[in-house]
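Below is one structure, written out as structure tokens; comments come after it.
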Amino acid sequence: MTVRGLPMTVPAPGLPTRVRIHEVGARDGLQNEKSTVATEVKAEFVHRLAEAGLTTIEATSFVHPKWVPQLADAEQLFPLLSGLPVELPVLVPNERGLDRALALGARRVAVFASATESFAKANLNRTVDESLAMFHPVVERAKAGGVHVRGYLSMCFGDPWEGAVPVPQVVRVCRALIDMGCDELSLGDTIGVATPGHVEELLTALGEEGIPVSALGVHFHDTYGQALANTLAALRHGVTTVDASAGGLGGCPFAKSATGNLATEDLVWMLTGLGIDTGVDLGRLVATSVWMAGRLGRPSPSRTVRALSHEDAEGQEGREAHKEQ
């Protein structure tokens with residue numbers, strides 16, 4: 001499922017030589033699915049993603065089942081992934097979630113904060129400061145146990161209730177997450193409204209605050225078709241961790257205007273053309289997303305998946321026609 005010799009590699013100056021893709025398809029991608037995805041299917045999805053070369057695959061979330069029913073099987077899923085030679089971060093919203101994750105041997109966890117009061121209320125039923133206070137013991141205990149902690153920050157570029165989000169407001173919450181001990185931050189464009197200049201402004205402000213770019217990742221949604229442009233802006237600024245979802249799966253159950261994540265295949269196609277190493281086998285990744293799309297009963301929204309699977313289908317038709325002759 002690849003086009004021979006394409007994309008042609010044409011490096012651009014000022015970009016990193018390697019990017020770590022933080023694959024979120026199995027958690028963020030599936031959490032909003034209305035039909036329950038079987039635990040065994042989720043496990044096979046993660047295994048296939050690992051076989052495609054992804055080294056950081058967010059596995060699940062230890063939230064209360066009533067909030068995200070799709071991920072109610074976290075205790076059943078996580079043991080099915082043991083032995084995979086990849087990092088398997090999990091989301092933990094509070095100390096109870098942390099206890100559940102640690103009991104299963106999780107070594108990478110993530111907390112999920114908000115840059116805006118409206119989303120903090122909708123997602124966590126708390127103010128921004130109250131949510132930070134809730135996360136503090138979670139991060140402290142995780143770090144004490146040698147567990148890596150990621151801090152997700154939603155609504156960094158816009159909020160469906162509040163509109164534009166001032167950059168200093170985002171920087172303040174980022175500073176708080178770093179100060180409490182988060183190893184890395186993922187800057188979320190939850191409703192997909194960011195543009196490249198806005199991305200550059202936020203990253204510059206975070207640098208001026210003393211937060212190193214090495215501690216930052218970016219998480220873009222493609223609502224307005226800006227995800228790849230915003231990613232390129234972040235790469236030019238020195239970011240080397242990019243969140244993406246196989247097949248472009250995902251949204252946000254607490255922000256109805258949030259559409260799909262940046263598709264991992266679209267990201268890999270762009271990075272390959274730029275000569276940036278990801279370690280990902282694009283053909284295997286496309287095959288995985290086609291497989292998962294079949295399980296979900298609908299085509300993948302990823303443009304690269306559609307293009308390459310269509311190319312493969314046409315090639316198969318040609319081979320079958322040749323056999324008949």
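Scheme for the structure tokens: letters A, B, ... for chains in order shown; per-chain residue numbers from 1; ligand numbers from 1 in order shown.
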
Please identify every residue of region 3-94 of chain A that has at least one atom no farther than 10 Å from an atom of region 142-153 of chain A, counting only C-alpha atoms, and for each give the shortest atom pair and the distance in Å to one decimal, arranged by chain then increasing number, as JSON lines.
{"residue": "A:Pro89", "atom": "CA", "partner": "A:Arg150", "partner_atom": "CA", "distance": 8.6}
{"residue": "A:Val90", "atom": "CA", "partner": "A:Arg150", "partner_atom": "CA", "distance": 9.5}
{"residue": "A:Leu91", "atom": "CA", "partner": "A:Arg150", "partner_atom": "CA", "distance": 9.0}
{"residue": "A:Val92", "atom": "CA", "partner": "A:Val149", "partner_atom": "CA", "distance": 9.9}

Could you write those residues out with all heavy atoms, as an mmCIF file, in the first residue's frame?
data_model
loop_
_atom_site.group_PDB
_atom_site.id
_atom_site.type_symbol
_atom_site.label_atom_id
_atom_site.label_comp_id
_atom_site.auth_asym_id
_atom_site.auth_seq_id
_atom_site.Cartn_x
_atom_site.Cartn_y
_atom_site.Cartn_z
ATOM 1 N N PRO A 89 1.465 4.551 27.363
ATOM 2 C CA PRO A 89 0.904 5.518 28.312
ATOM 3 C C PRO A 89 -0.594 5.289 28.509
ATOM 4 O O PRO A 89 -1.287 4.787 27.614
ATOM 5 C CB PRO A 89 1.152 6.878 27.629
ATOM 6 C CG PRO A 89 2.106 6.606 26.522
ATOM 7 C CD PRO A 89 1.923 5.186 26.124
ATOM 8 N N VAL A 90 -1.086 5.657 29.689
ATOM 9 C CA VAL A 90 -2.515 5.579 29.981
ATOM 10 C C VAL A 90 -2.951 6.864 30.667
ATOM 11 O O VAL A 90 -2.159 7.513 31.351
ATOM 12 C CB VAL A 90 -2.854 4.366 30.882
ATOM 13 C CG1 VAL A 90 -2.551 3.065 30.159
ATOM 14 C CG2 VAL A 90 -2.103 4.436 32.210
ATOM 15 N N LEU A 91 -4.199 7.226 30.471
ATOM 16 C CA LEU A 91 -4.735 8.434 31.089
ATOM 17 C C LEU A 91 -5.240 8.107 32.492
ATOM 18 O O LEU A 91 -5.915 7.109 32.699
ATOM 19 C CB LEU A 91 -5.882 8.965 30.231
ATOM 20 C CG LEU A 91 -6.273 10.426 30.430
ATOM 21 C CD1 LEU A 91 -5.149 11.344 30.033
ATOM 22 C CD2 LEU A 91 -7.523 10.736 29.613
ATOM 23 N N VAL A 92 -4.883 8.960 33.459
ATOM 24 C CA VAL A 92 -5.371 8.783 34.836
ATOM 25 C C VAL A 92 -5.917 10.127 35.325
ATOM 26 O O VAL A 92 -5.163 11.071 35.509
ATOM 27 C CB VAL A 92 -4.270 8.258 35.781
ATOM 28 C CG1 VAL A 92 -3.873 6.839 35.396
ATOM 29 C CG2 VAL A 92 -3.034 9.142 35.777
#

Subject >> Those in region 68-303 of chain A with strand (DSSP E) from DSSP, as a ChimeraX atom specification >> reply: /A:90-91,108-114,148-154,184-189,216-220,241-244

Original post:
Which of these, A:Val173, A:Val111, A:Leu262, A:Gly225, has the shortest distance to Gly25 (chain A) once you count only C-alpha atoms?
Top reply: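 Using only C-alpha atoms, Gly25 (chain A) sits closest to A:Leu262.
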
**OP:** Using only C-alpha atoms, pick whichever of A:Ser245, A:Gln169, A:Ser82, A:Asn123 has the shortest atom-to-atom distance to Ala205 (chain A).
**Re:** A:Gln169

Shell around Glu75 (chain A) at 9 Å using only C-alpha atoms, local window under 2 positions removed, as a tab-separated table (two decimals) with C-alpha atoms, in the first residue's frame:
chain	number	residue	atom	x	y	z
A	62	PHE	CA	-8.55	4.68	33.75
A	72	ALA	CA	-14.53	0.69	30.69
A	73	ASP	CA	-12.42	-2.37	29.87
A	77	LEU	CA	-7.18	-4.57	27.96
A	78	PHE	CA	-3.91	-3.54	29.55
A	79	PRO	CA	-2.73	-7.08	30.45
A	100	ARG	CA	-5.74	1.19	38.99
A	101	ALA	CA	-3.01	1.90	36.44
A	104	LEU	CA	-1.40	-3.28	36.35

Subject >> Long-range neighbours of Leu54 (chain A) as a ChimeraX atom specification, 9 Å cut-off, only C-alpha atoms, 5 positions minimum in chain >> reply: /A:20-23,49,86,278-281,285

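Distance-wise, CA of Val63 (chain A) and CA of Leu98 (chain A) end up 9.5 Å apart.
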
Subject >> For Pro16 (chain A): contacts at 12 Å, only C-alpha atoms, fewer than 4 positions along chain excluded, given as a PyMOL selection string >> reply: chain A and resi 11-12+20+214+232-241+271+274-278

**OP:** Please identify all polymer residues within 7 Å of Pro7 (chain A), counting only C-alpha atoms, omitting same-chain residues fewer than 4 positions from it, and present them as a count of residues only.
**Re:** 3

Original post:
Which residues come within 7 Å of Leu282 (chain A), counting only C-alpha atoms, excluding same-chain residues fewer than 4 positions away, as a PyMOL selection string?
Top reply: chain A and resi 265+268+286

Using only C-alpha atoms, I'd like a table of the residues in region 165-259 of chain A that come within 10 Å of region 288-300 of chain A; for each, show the closest atom pair and its distance in Å rounded to one decimal, ordered by chain and ascending number, as a tab-separated table.
residue	atom	partner	partner_atom	distance
A:Ser245	CA	A:Ser289	CA	9.7
A:Ala246	CA	A:Ser289	CA	6.0
A:Gly247	CA	A:Ser289	CA	5.1
A:Gly248	CA	A:Ser300	CA	6.9
A:Leu249	CA	A:Ser300	CA	7.6

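If only C-alpha atoms are the atoms counted, then among A:Val109, A:His64, A:Cys174, A:Val41 the closest residue to Val128 (chain A) is A:Cys174.
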
Subject >> Distance of CA of Val167 (chain A) from CA of Asp129 (chain A), expressed in Å to one decimal place >> reply: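 Atom-to-atom, CA of Asp129 (chain A) to CA of Val167 (chain A), that is 17.1 Å.
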
Subject >> Between CA of Leu71 (chain A) and CA of Glu95 (chain A) - distance in Å to one decimal >> reply: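 Going from CA of Glu95 (chain A) over to CA of Leu71 (chain A) covers 17.5 Å.
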
Subject >> Top pick for closest residue to Leu30 (chain A), considering A:Gly250, A:Leu185, A:Ala215, A:Leu308 and counting only C-alpha atoms >> reply: A:Gly250

Original post:
Pick from A:Gly210, A:Gly14, A:Pro196, A:Pro160: nearest to Ile178 (chain A), with only C-alpha atoms counted?
Top reply: A:Gly210

Original post:
Hey, which of A:Ala103, A:Leu187, A:Val170, A:Leu80 ends up closest to Thr116 (chain A)? Count only C-alpha atoms.
Top reply: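 Looking only at the distances to Thr116 (chain A), the closest residue turns out to be A:Val170.
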